[in-house]
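A.B. asks: Structure file data33.txt, compact mmCIF, C-alpha atoms, is pasted below:
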```txt
# COMPACT_ATOMS: atom_id res chain seq x y z
CA MET A 62 0.00 0.00 0.00
CA PRO A 63 1.41 3.44 -0.88
CA GLU A 64 2.33 5.37 2.24
CA GLU A 65 0.85 8.65 1.09
CA VAL A 66 -2.68 9.60 0.12
CA HIS A 67 -2.13 13.02 -1.45
CA ASN A 68 -0.71 14.99 1.53
CA VAL A 69 -1.73 12.42 4.13
CA ASN A 70 0.75 9.80 5.29
CA VAL A 71 -1.41 6.71 5.82
CA LYS A 72 1.22 4.78 7.74
CA GLU A 73 1.68 7.67 10.17
CA LEU A 74 -2.08 8.06 10.45
CA MET A 75 -2.49 4.41 11.41
CA GLN A 76 0.33 4.63 13.95
CA ARG A 77 -0.97 7.83 15.50
CA TYR A 78 -4.59 6.69 15.75
CA SER A 79 -4.79 3.10 16.88
CA GLY A 80 -7.58 1.12 15.25
CA THR A 81 -7.57 3.13 12.00
CA VAL A 82 -8.88 1.12 9.05
CA VAL A 83 -7.75 1.82 5.48
CA GLU A 84 -9.31 0.00 2.50
CA GLN A 85 -9.60 0.53 -1.23
CA THR A 86 -13.28 -0.40 -1.26
CA PRO A 87 -16.16 1.21 0.66
CA PHE A 88 -16.89 -0.36 4.04
CA HIS A 89 -19.13 0.13 7.06
CA PRO A 90 -17.06 1.75 9.81
CA ALA A 91 -17.39 0.62 13.40
CA GLU A 92 -19.49 2.66 15.81
CA HIS A 93 -17.88 5.93 16.96
CA MET A 94 -15.57 5.97 13.95
CA LEU A 95 -15.03 8.91 11.58
CA TYR A 96 -15.25 7.82 7.95
CA PHE A 97 -13.36 9.52 5.12
CA TYR A 98 -12.51 9.10 1.45
CA GLN A 99 -9.25 10.27 -0.06
CA ASP A 100 -8.70 8.83 -3.52
CA PRO A 101 -8.17 5.91 -3.72
CA TYR A 102 -8.70 4.99 -0.05
CA TYR A 103 -11.61 4.76 2.37
CA ILE A 104 -10.43 5.54 5.90
CA GLY A 105 -12.08 4.88 9.24
CA ILE A 106 -10.60 6.56 12.35
CA PRO A 107 -11.85 5.86 15.91
CA SER A 108 -13.16 9.13 17.29
CA SER A 109 -13.39 8.29 21.00
CA LYS A 110 -9.82 9.39 21.77
CA LEU A 111 -9.77 12.39 19.43
CA SER A 112 -9.86 15.96 20.69
CA ASP A 113 -12.26 18.42 19.12
CA GLN A 114 -9.31 20.09 17.43
CA GLU A 115 -8.14 16.79 15.93
CA ARG A 116 -11.61 16.03 14.63
CA GLN A 117 -11.83 19.40 12.91
CA LEU A 118 -8.35 19.06 11.44
CA LEU A 119 -9.08 15.61 10.00
CA LYS A 120 -12.28 16.89 8.43
CA ILE A 121 -10.30 19.64 6.75
CA VAL A 122 -7.49 17.39 5.49
CA LEU A 123 -9.70 14.44 4.49
CA ARG A 124 -13.06 14.36 2.72
CA GLU A 125 -15.69 13.11 5.14
CA GLU A 126 -17.94 10.47 3.60
CA ILE A 127 -21.02 8.44 4.34
CA PRO A 128 -20.88 4.63 4.46
CA PRO A 129 -22.27 2.53 1.59
CA ARG A 130 -25.99 1.89 1.62
CA PHE A 131 -27.97 -0.87 -0.05
CA SER A 132 -31.02 -3.05 0.47
CA ARG A 133 -30.94 -6.67 1.57
CA LYS A 134 -31.61 -7.59 -2.05
CA SER A 135 -28.57 -5.56 -3.19
CA GLU A 136 -26.27 -6.91 -0.48
CA PHE A 137 -25.42 -9.98 -2.58
CA TRP A 138 -24.17 -7.80 -5.45
CA PHE A 139 -22.24 -5.54 -3.07
CA ASN A 140 -20.41 -8.54 -1.62
CA VAL A 141 -19.65 -10.05 -5.05
CA LEU A 142 -18.80 -6.91 -7.05
CA VAL A 143 -17.33 -4.54 -4.46
CA LYS A 144 -15.95 -6.85 -1.79
CA GLY A 145 -14.92 -9.65 -4.12
CA ARG A 146 -16.77 -12.48 -2.40
CA PRO A 147 -16.43 -15.66 -4.50
CA VAL A 148 -19.38 -16.71 -6.64
CA GLU A 149 -20.47 -20.08 -5.26
CA ASN A 150 -23.24 -21.01 -7.70
CA GLU A 151 -22.76 -20.01 -11.33
CA SER A 152 -25.86 -19.06 -13.28
CA PRO A 153 -25.13 -18.60 -17.01
CA LYS A 154 -28.82 -18.01 -17.81
CA SER A 155 -29.15 -15.20 -15.29
CA LYS A 156 -27.46 -12.03 -16.56
CA ILE A 157 -27.03 -8.54 -15.13
CA ARG A 158 -26.00 -5.16 -16.47
CA ILE A 159 -24.26 -2.60 -14.27
CA ILE A 160 -24.85 1.13 -14.66
CA GLN A 161 -22.19 3.06 -12.76
CA PHE A 162 -22.91 6.65 -11.78
CA GLU A 163 -21.10 9.55 -10.15
CA MET A 164 -22.28 13.02 -9.19
CA ALA A 165 -20.07 16.00 -9.94
CA ASP A 166 -20.70 17.39 -6.45
CA ALA A 167 -21.91 15.79 -3.26
CA LEU A 168 -25.36 16.42 -1.84
CA SER A 169 -26.07 15.98 1.83
CA GLY A 170 -28.93 15.42 4.23
CA SER A 171 -32.45 15.63 2.86
CA ASP A 172 -31.20 16.68 -0.60
CA LEU A 173 -29.29 13.42 -0.99
CA ILE A 174 -32.26 11.39 0.22
CA GLU A 175 -34.55 13.12 -2.29
CA TRP A 176 -32.02 12.67 -5.10
CA ARG A 177 -31.77 8.93 -4.46
CA SER A 178 -35.53 8.62 -4.28
CA ALA A 179 -35.87 10.48 -7.58
CA LEU A 180 -33.29 8.23 -9.26
CA ALA A 181 -35.00 5.05 -8.07
CA ALA A 182 -38.38 6.27 -9.33
CA PHE A 183 -37.15 6.19 -12.92
CA PHE A 184 -36.28 2.48 -12.85
CA GLU A 185 -38.23 -0.77 -12.62
CA LYS A 186 -38.84 -2.23 -9.16
CA THR A 187 -36.67 -5.24 -10.08
CA VAL A 188 -33.58 -3.01 -10.21
CA SER A 189 -31.08 -3.05 -7.34
CA PHE A 190 -29.27 0.07 -6.11
CA ILE A 191 -25.93 0.24 -4.32
CA TYR A 192 -24.91 3.67 -3.02
CA LEU A 193 -21.16 3.47 -2.47
CA SER A 194 -20.82 7.00 -1.10
CA SER A 195 -22.56 10.37 -1.18
CA ARG A 196 -21.54 10.77 -4.82
CA ASP A 197 -21.31 7.43 -6.59
CA GLY A 198 -23.00 4.08 -6.85
CA LEU A 199 -24.29 1.22 -8.98
CA VAL A 200 -27.58 0.30 -10.62
CA ILE A 201 -27.96 -3.45 -11.16
CA GLU A 202 -30.40 -4.38 -13.92
CA GLU A 203 -31.47 -8.02 -14.14
CA GLU A 204 -34.51 -7.86 -16.42
CA LYS A 205 -35.70 -4.84 -18.41
CA LEU A 206 -32.80 -2.63 -19.52
CA MET A 207 -32.86 1.15 -19.54
CA GLU A 208 -32.39 2.69 -23.01
CA GLU A 209 -29.48 5.10 -23.42
CA GLU A 210 -31.70 7.98 -24.56
CA MET A 211 -33.97 7.52 -21.55
CA LEU A 212 -30.95 7.52 -19.23
CA ARG A 213 -29.78 10.74 -20.86
CA ALA A 214 -33.19 12.28 -20.15
CA ILE A 215 -32.93 11.12 -16.53
CA ALA A 216 -29.51 12.77 -16.19
CA ASN A 217 -30.92 16.05 -17.51
CA THR A 218 -33.93 15.90 -15.20
CA LEU A 219 -31.80 15.22 -12.12
CA GLU A 220 -29.51 18.11 -12.99
CA ASN A 221 -32.44 20.48 -13.47
CA ASP A 222 -34.10 19.42 -10.21
CA PHE A 223 -31.04 19.27 -7.96
CA SER A 224 -28.53 21.58 -9.71
CA VAL A 225 -25.86 18.88 -9.79
CA LYS A 226 -24.60 17.00 -12.84
CA THR A 227 -24.62 13.20 -12.74
CA TYR A 228 -22.56 10.98 -15.04
CA PHE A 229 -23.65 7.46 -16.01
CA GLN A 230 -21.86 4.59 -17.73
CA ILE A 231 -23.90 1.73 -19.16
CA GLY A 232 -22.13 -1.60 -18.87
CA LEU A 233 -22.43 -4.82 -20.83
CA ARG A 234 -24.46 -7.84 -19.75
CA TYR A 235 -22.70 -10.62 -17.84
CA PRO A 236 -23.78 -13.98 -16.41
CA LEU A 237 -23.17 -14.75 -12.76
CA SER A 238 -19.70 -16.32 -12.88
CA PRO A 239 -16.26 -15.87 -11.28
CA LEU A 240 -15.36 -13.39 -14.04
CA ILE A 241 -18.11 -10.93 -13.17
CA ARG A 242 -16.10 -8.93 -10.61
CA LYS A 243 -13.13 -8.59 -12.97
CA ALA A 244 -15.48 -7.28 -15.65
CA TYR A 245 -17.00 -4.82 -13.13
CA LEU A 246 -13.55 -3.51 -12.15
CA GLU A 247 -12.54 -3.10 -15.79
CA GLU A 248 -15.73 -1.19 -16.51
CA GLY A 249 -14.96 0.99 -13.49
CA ARG A 250 -11.55 1.87 -14.93
CA LEU A 251 -13.18 2.84 -18.24
CA PHE A 252 -15.64 5.05 -16.35
CA ARG A 253 -12.89 6.83 -14.41
CA GLN A 254 -11.01 7.46 -17.65
CA HIS A 255 -14.16 8.95 -19.14
CA LEU A 256 -14.70 11.22 -16.13
CA SER A 257 -11.11 12.46 -16.33
CA HIS A 258 -11.75 14.04 -19.74
CA LYS A 259 -12.84 17.66 -19.86
CA GLY A 260 -16.35 17.98 -21.23
CA ALA A 261 -17.23 14.33 -20.59
CA GLN A 262 -20.75 13.40 -21.68
CA GLU A 263 -23.37 12.70 -19.02
CA VAL A 264 -24.09 9.23 -20.43
CA THR A 265 -21.60 6.86 -22.01
CA GLY A 266 -21.42 3.12 -22.58
CA VAL A 267 -18.71 0.53 -22.17
CA GLU A 268 -18.92 -0.34 -25.86
CA HIS A 269 -18.38 3.33 -26.78
CA ARG A 270 -15.46 3.65 -24.38
CA PHE A 271 -13.90 0.43 -25.62
CA PHE A 272 -14.00 1.55 -29.23
CA SER A 273 -12.53 4.93 -28.29
CA LEU A 274 -9.53 3.09 -26.84
CA LEU A 275 -9.13 1.17 -30.10
CA ARG A 276 -9.28 4.31 -32.25
CA PRO A 277 -5.56 5.23 -32.01
CA LEU A 278 -4.58 1.66 -32.87
CA VAL A 279 -6.94 1.47 -35.85
CA GLY A 280 -5.35 4.53 -37.43
CA GLU A 281 -1.98 2.76 -37.59
CA TRP A 282 -3.18 -0.18 -39.71
CA ALA A 283 -2.58 0.08 -43.46
CA ILE A 284 -5.03 -2.82 -43.88
CA LEU A 285 -7.89 -0.38 -43.30
CA GLY A 286 -6.46 2.27 -45.61
CA GLU A 287 -8.52 1.24 -48.65
CA ILE A 288 -11.74 1.30 -46.61
CA ARG A 289 -10.99 4.75 -45.22
CA SER A 290 -10.16 6.02 -48.71
CA MET A 291 -13.42 4.66 -50.14
CA ILE A 292 -15.47 6.18 -47.32
CA ALA A 293 -13.73 9.53 -47.80
CA LYS A 294 -14.85 9.58 -51.45
CA ASP A 295 -18.45 8.53 -50.74
CA LYS A 296 -19.87 9.52 -47.35
CA SER A 297 -22.97 7.36 -47.92
CA TRP A 298 -20.88 4.39 -46.77
CA VAL A 299 -20.74 5.88 -43.28
CA LEU A 300 -24.54 5.87 -43.04
CA ILE A 301 -24.80 2.34 -44.46
CA ILE A 302 -22.15 0.77 -42.21
CA ARG A 303 -23.48 2.57 -39.14
CA ALA A 304 -27.07 1.49 -39.84
CA ILE A 305 -26.08 -2.16 -40.29
CA TRP A 306 -23.95 -1.97 -37.14
CA GLU A 307 -26.69 -0.38 -35.05
CA ASN A 308 -29.12 -3.07 -36.21
CA GLN A 309 -26.65 -5.86 -35.37
CA GLY A 310 -26.29 -7.01 -38.97
CA ASN A 311 -30.02 -7.13 -39.71
CA VAL A 312 -30.19 -5.93 -43.33
CA SER A 313 -33.98 -5.47 -43.36
CA MET A 314 -33.94 -3.27 -40.26
CA ALA A 315 -30.94 -1.31 -41.56
CA ALA A 316 -32.71 -0.71 -44.89
CA LYS A 317 -35.77 0.57 -43.05
CA GLN A 318 -33.60 2.95 -40.99
CA LEU A 319 -31.96 4.21 -44.19
CA PHE A 320 -35.32 4.57 -46.02
CA MET A 321 -33.85 2.25 -48.62
CA HIS A 322 -35.26 -0.84 -50.33
CA ARG A 323 -33.75 -4.04 -48.94
CA ASN A 324 -32.54 -5.14 -52.40
CA THR A 325 -30.84 -1.78 -52.95
CA LEU A 326 -29.00 -2.12 -49.66
CA GLN A 327 -28.08 -5.68 -50.52
CA ASN A 328 -26.55 -4.47 -53.78
CA ARG A 329 -24.50 -1.86 -51.91
CA ILE A 330 -23.28 -4.56 -49.51
CA ASP A 331 -22.23 -6.72 -52.46
CA LYS A 332 -20.41 -3.74 -54.01
CA PHE A 333 -18.57 -3.12 -50.74
CA PHE A 334 -17.39 -6.73 -50.77
CA GLU A 335 -16.22 -6.48 -54.38
CA MET A 336 -14.19 -3.35 -53.61
CA THR A 337 -12.69 -4.34 -50.24
CA GLY A 338 -13.06 -8.09 -49.81
CA ILE A 339 -14.91 -7.40 -46.54
CA SER A 340 -18.40 -8.80 -46.07
CA LEU A 341 -20.80 -6.61 -44.12
CA LYS A 342 -22.99 -9.72 -43.72
CA ARG A 343 -20.49 -11.15 -41.22
CA MET A 344 -20.05 -9.57 -37.79
CA ASP A 345 -16.26 -9.71 -37.99
CA GLY A 346 -16.28 -7.94 -41.37
CA LEU A 347 -18.87 -5.44 -40.14
CA THR A 348 -16.75 -4.75 -37.07
CA ILE A 349 -13.65 -4.08 -39.16
CA ALA A 350 -15.63 -1.68 -41.37
CA TYR A 351 -17.07 0.08 -38.33
CA LEU A 352 -13.64 0.42 -36.73
CA SER A 353 -12.29 1.99 -39.91
CA MET A 354 -14.72 4.90 -39.47
CA LEU A 355 -13.60 5.78 -35.93
```
Rewrite the structure from the file as structure tokens, please.

C.D. replies:
Amino acid sequence: MPEEVHNVNVKELMQRYSGTVVEQTPFHPAEHMLYFYQDPYYIGIPSSKLSDQERQLLKIVLREEIPPRFSRKSEFWFNVLVKGRPVENESPKSKIRIIQFEMADALSGSDLIEWRSALAAFFEKTVSFIYLSSRDGLVIEEEKLMEEEMLRAIANTLENDFSVKTYFQIGLRYPLSPLIRKAYLEEGRLFRQHLSHKGAQEVTGVEHRFFSLLRPLVGEWAILGEIRSMIAKDKSWVLIIRAIWENQGNVSMAAKQLFMHRNTLQNRIDKFFEMTGISLKRMDGLTIAYLSML
């Protein structure tokens, strides 16, 4: 463990205040314990032996936090995802999607309670909520999934009602297996990278973030040069490839989105294959074509 958290020496803190707990995941502090967060650590310091002056100083140096909160239903996911408790019974048929969120500024007291209540009201009753701190948390979807546009509307509504911006990242769907926590942690790293960018969008998705990481690599490949050249000469290819991609390879649905007859689109797909050797009928070929446009 690094000895310093910004300007705070953790080792010295633990030696000075016996019983201090330092973890990299949120935890429930013991009774009569002050609870703080200083990236990337959650810190619990026994308050019984602290003077008033020491309490005030710690609250200035460290950011005081509130412990995680979740329902009994959500406790299972907290233990598996956050605490890393092993998955005992795998369930490939049962899948979840994790929406991670973080507020730009912390609310407190009744404002925070109202904000959480407002957030929950937008989702189905089957959804589980885990509030990791006063600013961030998780939404666990097991059945009906929230659409991205609807989530964007929710973010705007919350900002208008509470004057605080909230950022959301929509994850992928995963079965209950030993790999689920690793996937959650990787998605968390993508979310933190997104939040570190100036002007970050309120709603993003793991698939969007993943492709943005691939973009610099794609530009280096000469293999995609012919595709990029063809697209540069005829911008209609961008619309065609994007429509097929967004409809997961379904040509009929893509044609409808493009206001194009299915046979006409099929002819364009065949022409693309003749010119590039890449079939937009196959997901691997479609993916390569999509990547070339990034």

A.B. asks: Between CA of Thr187 in chain A and CA of Ser155 in chain A, what is the distance, to one decimal in Å?

C.D. replies: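 Those two atoms sit 13.5 Å apart.
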
A.B. asks: Go through range 138-171 of chain A and flag each residue having an atom no more than 12 Å from range 253-260 of chain A; for those, report the closest pair of atoms plus their distance in Å to one decimal, using only C-alpha atoms, ordered by chain and rising number, as JSON lines.

C.D. replies:
```
{"residue": "A:Gln161", "atom": "CA", "partner": "A:Arg253", "partner_atom": "CA", "distance": 10.2}
{"residue": "A:Phe162", "atom": "CA", "partner": "A:Leu256", "partner_atom": "CA", "distance": 10.4}
{"residue": "A:Glu163", "atom": "CA", "partner": "A:Leu256", "partner_atom": "CA", "distance": 8.9}
{"residue": "A:Met164", "atom": "CA", "partner": "A:Leu256", "partner_atom": "CA", "distance": 10.4}
{"residue": "A:Ala165", "atom": "CA", "partner": "A:Leu256", "partner_atom": "CA", "distance": 9.5}
```

A.B. asks: Please produce an output containing C-alpha atoms for each residue in the selection, written as a short mmCIF file (atom, residue, chain, number, x, y, z; two decimals), in the frame of the given file.

C.D. replies:
```
data_model
loop_
_atom_site.label_atom_id
_atom_site.label_comp_id
_atom_site.auth_asym_id
_atom_site.auth_seq_id
_atom_site.Cartn_x
_atom_site.Cartn_y
_atom_site.Cartn_z
CA GLN A 161 -22.19 3.06 -12.76
CA PHE A 162 -22.91 6.65 -11.78
CA GLU A 163 -21.10 9.55 -10.15
CA MET A 164 -22.28 13.02 -9.19
CA ALA A 165 -20.07 16.00 -9.94
#
```

A.B. asks: Taking (-20.3, -7.2, -17.2) in the file's coordinates as the center, which residues reach within 9 Å of it, counting all atoms listed in the file, put as a ChimeraX atom specification?

C.D. replies: /A:156-159,232-236,240-245,247-248

A.B. asks: So which one's closest to Leu341 in chain A, A:Lys120, A:Arg329, A:Arg130, A:Arg323? Using only C-alpha atoms, please.

C.D. replies: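 Nearest candidate to Leu341 in chain A out of A:Lys120, A:Arg329, A:Arg130, A:Arg323: A:Arg329.
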
A.B. asks: Between A:Pro128, A:Gly338, A:Pro277, A:Gly310, which residue has the minimum interatomic distance to Met354 in chain A, considering all atoms listed in the file?

C.D. replies: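 Closest to Met354 in chain A of all the choices is A:Pro277.
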
A.B. asks: From the set A:Ile191, A:Phe271, A:Ile127, A:Ile104, which residue has the shortest atom-to-atom contact distance to Asn140 in chain A, counting all atoms listed in the file?

C.D. replies: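 Closest candidate: A:Ile191.
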
A.B. asks: Determine, counting all atoms listed in the file, which protein, DNA and RNA residues have an atom within 12 Å of an atom of Gly170 in chain A; residues of the same chain fewer than 6 positions away are not included. Present the result as a ChimeraX atom specification.

C.D. replies: /A:127,176-177,195

A.B. asks: Can you work out the spacing between CA of Gln85 in chain A and CA of Val143 in chain A in Å, to one decimal?

C.D. replies: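 Answer for the CA of Gln85 in chain A to CA of Val143 in chain A separation: 9.8 Å.
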
A.B. asks: Nearest residue to Pro87 in chain A out of A:Glu203, A:Phe137, A:Gly198, A:Leu180, using all atoms listed in the file?

C.D. replies: A:Gly198

A.B. asks: If we count all atoms listed in the file, what is near range 349-353 of chain A at a cut-off of 12 Å, once residues fewer than 3 positions away on the same chain are taken out, given as an NGL selection string?

C.D. replies: :A and (269 or 271-293 or 298-307 or 309-310 or 330 or 333-334 or 337-346)

A.B. asks: I'd like the contact shell of Ile160 in chain A - 6 Å cut-off, all atoms listed in the file, skipping same-chain residues fewer than 5 positions apart - returned as a ChimeraX atom specification.

C.D. replies: /A:199-200,230-232

A.B. asks: What is the distance between CA of Leu355 in chain A and CA of Gln327 in chain A, in Å to one decimal?

C.D. replies: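 Straight-line distance from CA of Leu355 in chain A to CA of Gln327 in chain A works out to 23.5 Å.
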
A.B. asks: Which polymer residues, protein or nucleic acid, are no farther than 6 Å from (-31.4, -3.3, -3.5), counting only C-alpha atoms, as a ChimeraX atom specification?

C.D. replies: /A:131-132,134-135,189-190
